Amino acid sequence: MTPIFHLALLHDWEDAQRTGAYTVSTRGRTLAEEGFIHASRADQWTGVRDRFYADVAEPMVLLQIDPALLDVPVIDEEPFPGATETFPHIYGPLPVTAVVKTIPLDQRVAVEAPAGRTPSPAAPAAPVRPDVPQESFTRAYFREVFFNVAVVSIVLLVGTSGMALGATLPGDAGPAVGGLLGLVLGILLAVRVYRYRHPRPER
């Protein structure tokens, strides 16, 4: 079975070895708080590390997990609505016996990706300002949810405004025409906002 991976602080992993189970969900969040343990595939963990752990100074390890050795569900889910990829989530404690390999990350050891997939490059971590708090995974998740809700609200607001304006036109078709035009304008505006928020990467 294809392995999955989890980024762990060394002291958290050492605690798990003493108790027999690992119960940290992600940086600053426990399994009890999050409801599951965040994990990644081989081509995903470097991106997660660079985004959420770039400023971590203490030792870290990469846990290589064999899903076949888990006695809890592993579900591939979107980290937030509209995401373009899914991540494996472990819905329960991670027994240390399911961790088949630990890799110290101070050497930035590369992990081979599954056939047909390209691993993310292990690029040097971006410099981090010490006076700026780093965004947690949960905070990023809810920020993305609120953004998507705002985009949908724009479409509904413009569409409703179009119907109201259409009601002032002569004929029974006025509200329908106004609503349709408002909906089209709302979608176009939402697309512009979404593209501004999620610019396409340069090739």
# chains A, B, ... in the order shown; residues from 1 in each chain; ligands from 1

$ residues_around --residues "Ile187 (chain A)" --least-positions-apart "6" --cutoff "9 Å" --atoms "only C-alpha atoms" --output "mmCIF file with N, CA, C and O atoms, in the first residue's frame"
data_model
loop_
_atom_site.group_PDB
_atom_site.id
_atom_site.type_symbol
_atom_site.label_atom_id
_atom_site.label_comp_id
_atom_site.auth_asym_id
_atom_site.auth_seq_id
_atom_site.Cartn_x
_atom_site.Cartn_y
_atom_site.Cartn_z
ATOM 1 N N VAL A 151 -17.542 35.157 -2.336
ATOM 2 C CA VAL A 151 -17.691 35.130 -3.798
ATOM 3 C C VAL A 151 -19.116 34.746 -4.179
ATOM 4 O O VAL A 151 -19.739 35.365 -5.052
ATOM 5 N N VAL A 152 -19.660 33.723 -3.523
ATOM 6 C CA VAL A 152 -21.043 33.313 -3.802
ATOM 7 C C VAL A 152 -22.014 34.439 -3.447
ATOM 8 O O VAL A 152 -22.992 34.695 -4.166
ATOM 9 N N ILE A 154 -21.471 37.595 -3.611
ATOM 10 C CA ILE A 154 -21.401 38.619 -4.656
ATOM 11 C C ILE A 154 -22.337 38.261 -5.807
ATOM 12 O O ILE A 154 -23.094 39.097 -6.308
ATOM 13 N N VAL A 155 -22.283 36.994 -6.225
ATOM 14 C CA VAL A 155 -23.145 36.552 -7.330
ATOM 15 C C VAL A 155 -24.618 36.733 -6.963
ATOM 16 O O VAL A 155 -25.418 37.256 -7.750
ATOM 17 N N VAL A 158 -25.590 40.607 -6.751
ATOM 18 C CA VAL A 158 -25.722 41.261 -8.056
ATOM 19 C C VAL A 158 -26.934 40.710 -8.806
ATOM 20 O O VAL A 158 -27.670 41.445 -9.461
ATOM 21 N N GLY A 159 -27.162 39.392 -8.700
ATOM 22 C CA GLY A 159 -28.324 38.807 -9.360
ATOM 23 C C GLY A 159 -29.628 39.349 -8.803
ATOM 24 O O GLY A 159 -30.567 39.665 -9.552
#

$ residues_around --residues "region 8-12 of chain A" --least-positions-apart "4" --cutoff "6 Å" --atoms "only C-alpha atoms" --output "MDAnalysis selection string"
chainID A and resid 59:61

$ atom_distance --atom1 "CA of Lys101 (chain A)" --atom2 "CA of Pro3 (chain A)"
10.1 Å

$ closest_residue --among "A:Leu157, A:Val96, A:Leu169, A:Met163" --to "Leu181 (chain A)" --atoms "only C-alpha atoms"
A:Met163

$ closest_residue --among "A:Gly174, A:Val56, A:Thr23, A:Trp45" --to "Tyr91 (chain A)" --atoms "only C-alpha atoms"
A:Thr23

$ closest_residue --among "A:Ile4, A:Asp55, A:Ala16, A:Thr46" --to "Val74 (chain A)" --atoms "only C-alpha atoms"
A:Ile4

$ closest_residue --among "A:Pro79, A:Ala167, A:Leu189, A:Ala98" --to "His38 (chain A)" --atoms "only C-alpha atoms"
A:Pro79

$ select_by_dssp --residues "region 3-126 of chain A" --states "strand (DSSP E or B)" --output "number ranges by chain"
A: 4-9, 21-22, 24-26, 29-30, 37-38, 40, 60-65, 74-77, 87-90, 94-95, 99-104

$ residues_around --residues "Pro95 (chain A)" --least-positions-apart "4" --cutoff "8 Å" --atoms "only C-alpha atoms" --output "list in words"
Gly20, Ala21, Tyr22, Leu70 and Val99 of chain A

$ residues_around --residues "Gly182 (chain A)" --least-positions-apart "4" --cutoff "7 Å" --atoms "only C-alpha atoms" --output "list in words"
Val158, Gly159, Thr160, Ser161, Gly162, Gly178 and Gly186 of chain A
